[in-house]
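Source file: protein17.pdb (PDB, C-alpha atoms, pLDDT in the B column)
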```
ATOM      1  CA  THR A   6     147.853 186.805 -59.529  1.00 47.00           C
ATOM      2  CA  LEU A   7     144.166 186.436 -58.705  1.00 43.00           C
ATOM      3  CA  CYS A   8     143.328 189.028 -61.348  1.00 43.00           C
ATOM      4  CA  ARG A   9     145.213 187.216 -64.061  1.00 47.00           C
ATOM      5  CA  ARG A  10     143.414 183.957 -63.272  1.00 41.00           C
ATOM      6  CA  GLU A  11     140.293 185.701 -64.511  1.00 46.00           C
ATOM      7  CA  SER A  12     141.746 186.170 -67.994  1.00 46.00           C
ATOM      8  CA  PRO A  13     140.535 183.941 -70.849  1.00 47.00           C
ATOM      9  CA  SER A  14     142.261 180.575 -71.110  1.00 45.00           C
ATOM     10  CA  VAL A  15     140.859 179.357 -74.451  1.00 47.00           C
ATOM     11  CA  ILE A  16     142.131 180.688 -77.753  1.00 47.00           C
ATOM     12  CA  PRO A  17     139.279 180.903 -80.302  1.00 49.00           C
ATOM     13  CA  SER A  18     139.894 179.192 -83.622  1.00 51.00           C
ATOM     14  CA  LYS A  19     139.896 182.509 -85.492  1.00 56.00           C
ATOM     15  CA  THR A  20     143.342 183.266 -84.014  1.00 48.00           C
ATOM     16  CA  SER A  21     144.890 180.053 -85.319  1.00 53.00           C
ATOM     17  CA  GLN A  22     146.427 181.766 -88.357  1.00 69.00           C
ATOM     18  CA  LEU A  23     147.923 184.643 -86.383  1.00 73.00           C
ATOM     19  CA  ASP A  24     151.505 184.968 -85.257  1.00 88.00           C
ATOM     20  CA  PRO A  25     152.336 183.771 -81.716  1.00 92.00           C
ATOM     21  CA  TYR A  26     152.404 187.255 -80.229  1.00 94.00           C
ATOM     22  CA  ALA A  27     149.003 188.110 -81.689  1.00 92.00           C
ATOM     23  CA  ILE A  28     147.657 184.969 -80.029  1.00 92.00           C
ATOM     24  CA  TRP A  29     149.300 185.963 -76.742  1.00 93.00           C
ATOM     25  CA  GLN A  30     147.662 189.395 -76.955  1.00 93.00           C
ATOM     26  CA  HIS A  31     144.251 187.845 -77.509  1.00 92.00           C
ATOM     27  CA  ASN A  32     144.670 185.409 -74.660  1.00 92.00           C
ATOM     28  CA  ASN A  33     145.810 188.151 -72.259  1.00 92.00           C
ATOM     29  CA  ARG A  34     143.418 190.904 -73.324  1.00 93.00           C
ATOM     30  CA  LEU A  35     141.531 192.976 -70.761  1.00 94.00           C
ATOM     31  CA  THR A  36     138.033 191.553 -70.989  1.00 95.00           C
ATOM     32  CA  PRO A  37     135.097 193.342 -69.290  1.00 95.00           C
ATOM     33  CA  ARG A  38     135.134 190.715 -66.537  1.00 96.00           C
ATOM     34  CA  LEU A  39     138.850 191.076 -65.928  1.00 96.00           C
ATOM     35  CA  SER A  40     138.598 194.873 -65.994  1.00 96.00           C
ATOM     36  CA  ALA A  41     135.905 194.737 -63.311  1.00 97.00           C
ATOM     37  CA  VAL A  42     138.093 192.516 -61.111  1.00 97.00           C
ATOM     38  CA  LEU A  43     141.048 194.872 -61.538  1.00 97.00           C
ATOM     39  CA  LYS A  44     138.974 197.938 -60.687  1.00 97.00           C
ATOM     40  CA  GLU A  45     137.836 196.252 -57.471  1.00 97.00           C
ATOM     41  CA  ALA A  46     141.469 195.475 -56.656  1.00 97.00           C
ATOM     42  CA  ALA A  47     142.360 199.139 -57.189  1.00 97.00           C
ATOM     43  CA  GLN A  48     139.603 200.236 -54.797  1.00 96.00           C
ATOM     44  CA  ARG A  49     141.107 198.054 -52.097  1.00 95.00           C
ATOM     45  CA  LEU A  50     144.349 200.032 -52.452  1.00 95.00           C
ATOM     46  CA  GLU A  51     142.851 203.432 -51.615  1.00 89.00           C
ATOM     47  CA  ASP A  52     145.834 204.097 -49.302  1.00 92.00           C
ATOM     48  CA  GLY A  53     148.333 202.464 -51.655  1.00 96.00           C
ATOM     49  CA  PRO A  54     151.627 203.901 -52.895  1.00 97.00           C
ATOM     50  CA  LEU A  55     151.754 207.282 -54.634  1.00 97.00           C
ATOM     51  CA  PHE A  56     153.422 207.291 -58.055  1.00 97.00           C
ATOM     52  CA  THR A  57     155.122 210.226 -59.749  1.00 97.00           C
ATOM     53  CA  VAL A  58     155.374 209.713 -63.500  1.00 98.00           C
ATOM     54  CA  LEU A  59     157.960 211.920 -65.183  1.00 98.00           C
ATOM     55  CA  VAL A  60     157.529 212.240 -68.940  1.00 98.00           C
ATOM     56  CA  ASP A  61     160.283 213.277 -71.351  1.00 98.00           C
ATOM     57  CA  THR A  62     158.533 215.034 -74.239  1.00 98.00           C
ATOM     58  CA  ARG A  63     161.682 215.804 -76.223  1.00 96.00           C
ATOM     59  CA  ASP A  64     161.402 214.639 -79.844  1.00 94.00           C
ATOM     60  CA  CYS A  65     157.695 213.903 -79.360  1.00 96.00           C
ATOM     61  CA  THR A  66     154.637 215.092 -81.216  1.00 96.00           C
ATOM     62  CA  THR A  67     151.526 216.493 -79.587  1.00 96.00           C
ATOM     63  CA  VAL A  68     149.622 213.388 -80.706  1.00 96.00           C
ATOM     64  CA  GLN A  69     152.114 211.073 -78.984  1.00 96.00           C
ATOM     65  CA  VAL A  70     151.971 213.044 -75.737  1.00 97.00           C
ATOM     66  CA  GLU A  71     148.167 213.105 -75.850  1.00 97.00           C
ATOM     67  CA  THR A  72     148.084 209.347 -76.414  1.00 96.00           C
ATOM     68  CA  LEU A  73     150.231 208.789 -73.331  1.00 97.00           C
ATOM     69  CA  ALA A  74     148.070 211.219 -71.342  1.00 97.00           C
ATOM     70  CA  ALA A  75     144.974 209.275 -72.376  1.00 96.00           C
ATOM     71  CA  SER A  76     146.534 205.988 -71.256  1.00 97.00           C
ATOM     72  CA  LEU A  77     147.291 207.555 -67.868  1.00 97.00           C
ATOM     73  CA  ASP A  78     143.759 208.901 -67.571  1.00 96.00           C
ATOM     74  CA  ALA A  79     142.502 205.362 -68.166  1.00 97.00           C
ATOM     75  CA  GLN A  80     144.517 203.765 -65.341  1.00 98.00           C
ATOM     76  CA  PHE A  81     142.522 201.601 -62.937  1.00 98.00           C
ATOM     77  CA  TYR A  82     144.824 202.709 -60.114  1.00 98.00           C
ATOM     78  CA  PRO A  83     144.216 206.394 -59.236  1.00 96.00           C
ATOM     79  CA  ARG A  84     147.081 207.377 -56.909  1.00 97.00           C
ATOM     80  CA  TRP A  85     149.488 209.030 -59.333  1.00 97.00           C
ATOM     81  CA  GLU A  86     150.589 212.382 -60.693  1.00 96.00           C
ATOM     82  CA  VAL A  87     152.428 213.099 -63.930  1.00 97.00           C
ATOM     83  CA  HIS A  88     154.943 215.798 -64.824  1.00 97.00           C
ATOM     84  CA  PHE A  89     155.451 216.410 -68.535  1.00 98.00           C
ATOM     85  CA  VAL A  90     158.872 217.989 -69.088  1.00 97.00           C
ATOM     86  CA  GLY A  91     160.095 219.300 -72.437  1.00 97.00           C
ATOM     87  CA  PRO A  92     158.835 221.297 -75.399  1.00 96.00           C
ATOM     88  CA  VAL A  93     155.441 219.540 -75.629  1.00 96.00           C
ATOM     89  CA  GLY A  94     152.745 219.341 -72.975  1.00 95.00           C
ATOM     90  CA  PRO A  95     149.283 217.758 -72.760  1.00 94.00           C
ATOM     91  CA  THR A  96     146.220 219.641 -73.900  1.00 92.00           C
ATOM     92  CA  ARG A  97     143.712 217.847 -71.680  1.00 88.00           C
ATOM     93  CA  ALA A  98     142.875 219.221 -68.250  1.00 87.00           C
ATOM     94  CA  ASP A  99     143.501 217.013 -65.240  1.00 91.00           C
ATOM     95  CA  PRO A 100     144.582 218.187 -61.771  1.00 94.00           C
ATOM     96  CA  ARG A 101     147.149 215.382 -61.733  1.00 95.00           C
ATOM     97  CA  PHE A 102     148.827 216.671 -64.922  1.00 97.00           C
ATOM     98  CA  HIS A 103     151.668 219.184 -64.610  1.00 96.00           C
ATOM     99  CA  TYR A 104     153.677 220.714 -67.426  1.00 96.00           C
ATOM    100  CA  HIS A 105     157.216 222.103 -67.210  1.00 96.00           C
ATOM    101  CA  ALA A 106     158.160 223.754 -70.498  1.00 96.00           C
ATOM    102  CA  SER A 107     161.800 223.258 -71.396  1.00 93.00           C
ATOM    103  CA  THR A 108     163.910 223.414 -74.542  1.00 90.00           C
ATOM    104  CA  GLU A 109     167.421 223.523 -73.052  1.00 93.00           C
ATOM    105  CA  ILE A 110     169.180 220.477 -71.592  1.00 92.00           C
ATOM    106  CA  ALA A 111     170.115 222.206 -68.329  1.00 91.00           C
ATOM    107  CA  THR A 112     166.554 223.418 -67.771  1.00 94.00           C
ATOM    108  CA  PHE A 113     165.137 220.031 -68.711  1.00 96.00           C
ATOM    109  CA  VAL A 114     167.275 218.048 -66.265  1.00 97.00           C
ATOM    110  CA  GLY A 115     166.841 220.732 -63.619  1.00 96.00           C
ATOM    111  CA  SER A 116     163.057 220.435 -63.879  1.00 96.00           C
ATOM    112  CA  LEU A 117     163.212 216.657 -63.443  1.00 97.00           C
ATOM    113  CA  ASN A 118     165.388 216.989 -60.355  1.00 96.00           C
ATOM    114  CA  ALA A 119     163.192 219.734 -58.930  1.00 95.00           C
ATOM    115  CA  VAL A 120     160.231 217.347 -59.005  1.00 94.00           C
ATOM    116  CA  LEU A 121     162.306 214.700 -57.210  1.00 92.00           C
ATOM    117  CA  GLU A 122     163.253 217.159 -54.477  1.00 90.00           C
ATOM    118  CA  LYS A 123     159.755 218.568 -54.039  1.00 87.00           C
ATOM    119  CA  SER A 124     158.682 215.478 -52.128  1.00 75.00           C
ATOM    120  CA  LYS A 125     160.665 212.382 -51.266  1.00 70.00           C
ATOM    121  CA  GLU A 126     157.602 210.218 -50.607  1.00 81.00           C
ATOM    122  CA  GLY A 127     156.315 207.548 -52.962  1.00 95.00           C
ATOM    123  CA  TYR A 128     157.794 206.129 -56.136  1.00 98.00           C
ATOM    124  CA  VAL A 129     158.952 207.545 -59.445  1.00 98.00           C
ATOM    125  CA  THR A 130     159.490 206.570 -63.064  1.00 98.00           C
ATOM    126  CA  LEU A 131     160.651 208.387 -66.196  1.00 98.00           C
ATOM    127  CA  LEU A 132     158.876 207.599 -69.470  1.00 98.00           C
ATOM    128  CA  PRO A 133     159.542 208.770 -73.021  1.00 97.00           C
ATOM    129  CA  GLY A 134     156.622 210.834 -74.274  1.00 97.00           C
ATOM    130  CA  HIS A 135     155.782 208.339 -77.023  1.00 96.00           C
ATOM    131  CA  SER A 136     154.997 205.606 -74.474  1.00 96.00           C
ATOM    132  CA  GLN A 137     151.627 204.036 -73.765  1.00 96.00           C
ATOM    133  CA  LEU A 138     150.566 202.137 -70.650  1.00 97.00           C
ATOM    134  CA  SER A 139     148.022 199.362 -70.345  1.00 96.00           C
ATOM    135  CA  HIS A 140     145.057 200.228 -68.126  1.00 97.00           C
ATOM    136  CA  ASP A 141     146.314 197.968 -65.347  1.00 97.00           C
ATOM    137  CA  ALA A 142     149.998 198.977 -65.504  1.00 98.00           C
ATOM    138  CA  LEU A 143     150.177 201.121 -62.367  1.00 98.00           C
ATOM    139  CA  LEU A 144     147.871 198.765 -60.469  1.00 98.00           C
ATOM    140  CA  GLU A 145     150.163 195.804 -61.137  1.00 98.00           C
ATOM    141  CA  ILE A 146     153.107 197.765 -59.738  1.00 98.00           C
ATOM    142  CA  ALA A 147     151.122 199.188 -56.802  1.00 98.00           C
ATOM    143  CA  GLU A 148     150.128 195.692 -55.718  1.00 98.00           C
ATOM    144  CA  ARG A 149     153.772 194.615 -55.571  1.00 98.00           C
ATOM    145  CA  PHE A 150     154.898 197.603 -53.503  1.00 98.00           C
ATOM    146  CA  ALA A 151     151.898 197.271 -51.173  1.00 97.00           C
ATOM    147  CA  ALA A 152     152.560 193.571 -50.592  1.00 97.00           C
ATOM    148  CA  GLN A 153     156.335 194.042 -50.073  1.00 96.00           C
ATOM    149  CA  PRO A 154     157.088 197.470 -48.543  1.00 93.00           C
ATOM    150  CA  GLY A 155     160.831 196.780 -48.609  1.00 95.00           C
ATOM    151  CA  LEU A 156     161.016 196.748 -52.409  1.00 98.00           C
ATOM    152  CA  GLU A 157     163.244 199.309 -54.100  1.00 98.00           C
ATOM    153  CA  LEU A 158     162.424 198.505 -57.718  1.00 98.00           C
ATOM    154  CA  VAL A 159     159.501 196.964 -59.604  1.00 98.00           C
ATOM    155  CA  TYR A 160     159.650 196.408 -63.359  1.00 98.00           C
ATOM    156  CA  THR A 161     157.403 194.917 -66.032  1.00 98.00           C
ATOM    157  CA  ASP A 162     157.690 193.355 -69.452  1.00 97.00           C
ATOM    158  CA  GLU A 163     157.218 195.586 -72.505  1.00 97.00           C
ATOM    159  CA  ASP A 164     156.630 195.687 -76.250  1.00 96.00           C
ATOM    160  CA  ARG A 165     156.513 198.186 -79.108  1.00 94.00           C
ATOM    161  CA  MET A 166     153.508 199.776 -80.810  1.00 91.00           C
ATOM    162  CA  ASN A 167     153.475 201.629 -84.128  1.00 90.00           C
ATOM    163  CA  GLU A 168     151.279 204.588 -85.061  1.00 85.00           C
ATOM    164  CA  ALA A 169     148.626 202.216 -86.399  1.00 87.00           C
ATOM    165  CA  GLY A 170     148.360 200.557 -82.988  1.00 87.00           C
ATOM    166  CA  ILE A 171     150.053 197.313 -84.067  1.00 91.00           C
ATOM    167  CA  ARG A 172     152.057 195.767 -81.244  1.00 93.00           C
ATOM    168  CA  SER A 173     155.299 193.854 -81.822  1.00 94.00           C
ATOM    169  CA  ASN A 174     158.722 192.954 -80.414  1.00 95.00           C
ATOM    170  CA  PRO A 175     157.635 191.751 -76.974  1.00 95.00           C
ATOM    171  CA  GLU A 176     160.302 191.648 -74.294  1.00 96.00           C
ATOM    172  CA  PHE A 177     159.470 188.950 -71.748  1.00 96.00           C
ATOM    173  CA  LYS A 178     162.115 189.673 -69.172  1.00 97.00           C
ATOM    174  CA  PRO A 179     163.822 187.402 -66.644  1.00 97.00           C
ATOM    175  CA  ASP A 180     163.827 187.919 -62.896  1.00 96.00           C
ATOM    176  CA  TRP A 181     166.332 190.361 -61.451  1.00 97.00           C
ATOM    177  CA  SER A 182     169.857 189.948 -62.803  1.00 95.00           C
ATOM    178  CA  PRO A 183     172.710 192.226 -61.626  1.00 93.00           C
ATOM    179  CA  THR A 184     174.737 191.072 -64.629  1.00 94.00           C
ATOM    180  CA  LEU A 185     172.067 192.123 -67.116  1.00 95.00           C
ATOM    181  CA  ALA A 186     171.634 195.407 -65.244  1.00 94.00           C
ATOM    182  CA  LEU A 187     175.267 196.252 -66.034  1.00 92.00           C
ATOM    183  CA  SER A 188     174.318 196.396 -69.727  1.00 90.00           C
ATOM    184  CA  GLY A 189     172.298 199.548 -69.047  1.00 88.00           C
ATOM    185  CA  LEU A 190     169.386 198.090 -71.038  1.00 91.00           C
ATOM    186  CA  PHE A 191     167.806 196.042 -68.253  1.00 96.00           C
ATOM    187  CA  PRO A 192     165.238 196.260 -66.712  1.00 97.00           C
ATOM    188  CA  GLY A 193     163.952 198.888 -69.172  1.00 95.00           C
ATOM    189  CA  GLN A 194     160.322 200.021 -69.044  1.00 95.00           C
ATOM    190  CA  LEU A 195     158.024 200.080 -67.249  1.00 97.00           C
ATOM    191  CA  SER A 196     160.110 200.377 -64.062  1.00 98.00           C
ATOM    192  CA  MET A 197     159.393 202.217 -60.825  1.00 98.00           C
ATOM    193  CA  ILE A 198     161.793 203.037 -57.976  1.00 98.00           C
ATOM    194  CA  ARG A 199     161.595 204.705 -54.590  1.00 97.00           C
ATOM    195  CA  ARG A 200     161.563 208.453 -54.924  1.00 96.00           C
ATOM    196  CA  ASP A 201     163.802 208.993 -51.898  1.00 94.00           C
ATOM    197  CA  SER A 202     166.369 206.535 -53.291  1.00 96.00           C
ATOM    198  CA  ALA A 203     166.470 208.454 -56.578  1.00 96.00           C
ATOM    199  CA  SER A 204     167.038 211.678 -54.646  1.00 95.00           C
ATOM    200  CA  GLN A 205     169.753 210.153 -52.439  1.00 94.00           C
ATOM    201  CA  LEU A 206     171.601 209.000 -55.556  1.00 96.00           C
ATOM    202  CA  GLY A 207     171.755 212.603 -56.721  1.00 96.00           C
ATOM    203  CA  GLY A 208     168.892 212.442 -59.182  1.00 97.00           C
ATOM    204  CA  PHE A 209     169.441 212.835 -62.901  1.00 97.00           C
ATOM    205  CA  ARG A 210     172.789 213.865 -64.384  1.00 97.00           C
ATOM    206  CA  GLU A 211     172.899 216.391 -67.205  1.00 96.00           C
ATOM    207  CA  VAL A 212     175.917 214.733 -68.822  1.00 96.00           C
ATOM    208  CA  TYR A 213     173.764 211.623 -69.492  1.00 96.00           C
ATOM    209  CA  SER A 214     170.837 213.566 -70.956  1.00 94.00           C
ATOM    210  CA  SER A 215     170.082 210.944 -73.619  1.00 94.00           C
ATOM    211  CA  ILE A 216     169.960 208.008 -71.169  1.00 96.00           C
ATOM    212  CA  LEU A 217     168.796 209.647 -67.939  1.00 97.00           C
ATOM    213  CA  TRP A 218     166.631 206.804 -66.642  1.00 97.00           C
ATOM    214  CA  GLN A 219     168.988 204.023 -67.661  1.00 96.00           C
ATOM    215  CA  GLU A 220     171.937 205.742 -65.977  1.00 97.00           C
ATOM    216  CA  LEU A 221     169.971 206.305 -62.752  1.00 97.00           C
ATOM    217  CA  LEU A 222     168.885 202.655 -62.703  1.00 97.00           C
ATOM    218  CA  LEU A 223     172.485 201.584 -63.271  1.00 96.00           C
ATOM    219  CA  ARG A 224     173.608 203.491 -60.188  1.00 96.00           C
ATOM    220  CA  LEU A 225     170.734 202.065 -58.164  1.00 97.00           C
ATOM    221  CA  SER A 226     171.426 198.493 -59.284  1.00 94.00           C
ATOM    222  CA  ASP A 227     174.824 198.587 -57.587  1.00 92.00           C
ATOM    223  CA  GLN A 228     173.021 198.711 -54.228  1.00 93.00           C
ATOM    224  CA  LEU A 229     170.211 196.214 -54.823  1.00 96.00           C
ATOM    225  CA  THR A 230     169.740 192.651 -53.642  1.00 95.00           C
ATOM    226  CA  SER A 231     167.305 190.267 -55.294  1.00 95.00           C
ATOM    227  CA  ASN A 232     164.785 190.549 -52.449  1.00 96.00           C
ATOM    228  CA  GLN A 233     164.525 194.302 -53.082  1.00 98.00           C
ATOM    229  CA  VAL A 234     163.332 193.830 -56.657  1.00 98.00           C
ATOM    230  CA  ALA A 235     160.073 192.467 -58.072  1.00 98.00           C
ATOM    231  CA  HIS A 236     159.286 191.527 -61.643  1.00 98.00           C
ATOM    232  CA  VAL A 237     155.706 191.876 -62.985  1.00 97.00           C
ATOM    233  CA  SER A 238     155.608 189.255 -65.706  1.00 95.00           C
ATOM    234  CA  GLN A 239     153.016 191.127 -67.739  1.00 94.00           C
ATOM    235  CA  ILE A 240     153.435 193.549 -70.624  1.00 94.00           C
ATOM    236  CA  CYS A 241     152.306 196.872 -69.233  1.00 90.00           C
TER
END
```

So, in terms of structure tokens, how does the structure I just supplied come out?
Amino acid sequence: TLCRRESPSVIPSKTSQLDPYAIWQHNNRLTPRLSAVLKEAAQRLEDGPLFTVLVDTRDCTTVQVETLAASLDAQFYPRWEVHFVGPVGPTRADPRFHYHASTEIATFVGSLNAVLEKSKEGYVTLLPGHSQLSHDALLEIAERFAAQPGLELVYTDEDRMNEAGIRSNPEFKPDWSPTLALSGLFPGQLSMIRRDSASQLGGFREVYSSILWQELLLRLSDQLTSNQVAHVSQIC
């Protein structure tokens, strides 16, 4: 994309002894110049898609949930709301943050589905509470949906980060593959789908409480064609 052409193209010599993924991170970092370009792109999408981010806070600490909340607060793209569902909620105040306390499976899944039914407009994702998003994550997805209104699913690449902030295990994913989707592990996170499609599929199923998002994506994948899916080839 135009924004990514602004990223640095030269790897300084000090990175020469680092592992390949550390070099990739350096070469794709959000520099001040790139951040400014991305913020301008976000301003041009003032009427862009609305995102509902559902967050599963089961088995999460307050620190993990707060870290995710901070990464949402830092998004360049502003048209989103987040619903934290589970035993842990955010402590920071933001009108876009909503907390649904839940300790029982039935209540937990019911709360997720209630959010889906509240409004069928926009797009939705479900994240584990220990996730973190890059500052441009929602913008990258918003640009795809805005450019191709017929899309049903947009997904990104991903990696892992430990408590010390060290990133590892990058997953650079292929373009849409129905065969890989049957595994239940693809496309993974971050992925966003139409909210009305999620509702029409019946929402989340209590019997699959440990793999709610994967199971919903599996049902959706049965109906998708390649031109209804977009892949953001960036780790978000």

### Message
Take the PyMOL selection byres ((chain A and resi 97) around 8), run it mentally on this structure, and tell me the resulting residues as an MDAnalysis selection string.
### Response
chainID A and resid 71 74 95:96 98:99

### Expansion of the PyMOL selection byres ((chain A and resi 94) around 8) into residues, as a PyMOL selection string
chain A and resi 62+67+70+89-93+95-96+104-106

### Query
Smallest atom-to-atom distance to Leu143 (chain A): which of A:Ser116, A:Thr130, A:Thr36, A:Gln233, using only C-alpha atoms?
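Nearest candidate to Leu143 (chain A) out of A:Ser116, A:Thr130, A:Thr36, A:Gln233: A:Thr130.
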
### Message
Nearest residue to Leu50 (chain A) out of A:Gly189, A:Pro83, A:Pro183, A:Pro25, using only C-alpha atoms?
### Response
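That would be A:Pro83, the residue with the smallest distance to Leu50 (chain A).
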
#### Entry: Shell of 12 Å around Ala119 (chain A), only C-alpha atoms, local chain residues under 2 positions omitted, as JSON, numbers by chain
{"A": [59, 88, 90, 105, 111, 112, 113, 114, 115, 116, 117, 121, 122, 123, 124, 125, 203, 204, 207, 208, 209]}

May I have the centre and edge lengths, in Å to one decimal, of an axis-aligned box around the listed atoms of region 101-108 of chain A with 8 Å added to every side, as lines of an AutoDock Vina configuration file?
```
center_x = 155.5
center_y = 219.6
center_z = -68.1
size_x = 32.8
size_y = 24.4
size_z = 28.8
```

Could you name the residues that touch Asp78 (chain A) at 12 Å or less, counting all atoms listed in the file, but leaving out those on the same chain fewer than 6 positions away, as a compact mmCIF listing (two decimals) with C-alpha atoms, in the frame of the given file?
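Output file around.txt follows:
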```txt
# COMPACT_ATOMS: atom_id res chain seq x y z
CA GLU A 71 148.17 213.10 -75.85
CA THR A 72 148.08 209.35 -76.41
CA ARG A 84 147.08 207.38 -56.91
CA TRP A 85 149.49 209.03 -59.33
CA GLU A 86 150.59 212.38 -60.69
CA VAL A 87 152.43 213.10 -63.93
CA PRO A 95 149.28 217.76 -72.76
CA ARG A 97 143.71 217.85 -71.68
CA ALA A 98 142.88 219.22 -68.25
CA ASP A 99 143.50 217.01 -65.24
CA PRO A 100 144.58 218.19 -61.77
CA ARG A 101 147.15 215.38 -61.73
CA PHE A 102 148.83 216.67 -64.92
CA GLN A 137 151.63 204.04 -73.76
CA LEU A 138 150.57 202.14 -70.65
CA SER A 139 148.02 199.36 -70.34
CA HIS A 140 145.06 200.23 -68.13
CA ASP A 141 146.31 197.97 -65.35
CA ALA A 142 150.00 198.98 -65.50
CA LEU A 143 150.18 201.12 -62.37
```

### Query
Interatomic distance between CA of Asp201 (chain A) and CA of Glu157 (chain A)?
9.9 Å

### Task
Please measure the separation of CA of Pro192 (chain A) and CA of Ser215 (chain A), giving the value in Å to one decimal.
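Rounded to one decimal, the two atoms are 16.9 Å apart.
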
### Picked residues, the PyMOL selection byres ((chain A and resi 129) around 6), as a VMD selection string
chain A and resid 56 to 58 128 130 197 to 198 200

### Task
Write out as an MDAnalysis selection string the residues lying within 9 Å of Leu156 (chain A), counting only C-alpha atoms and excluding same-chain residues fewer than 6 positions away.
chainID A and resid 149:150 198:199 232:235

### Message
Nearest residue to Phe81 (chain A) out of A:Gln205, A:Ser196, A:Thr108, A:Ser40, using all atoms listed in the file?
### Response
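Answer, going by the shortest atom-to-atom distance: A:Ser40.
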
### Task
Using CA of Trp181 (chain A) and CA of Gln48 (chain A) as the two end points, give the distance in Å to one decimal.
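Between CA of Trp181 (chain A) and CA of Gln48 (chain A) the gap works out to 29.3 Å.
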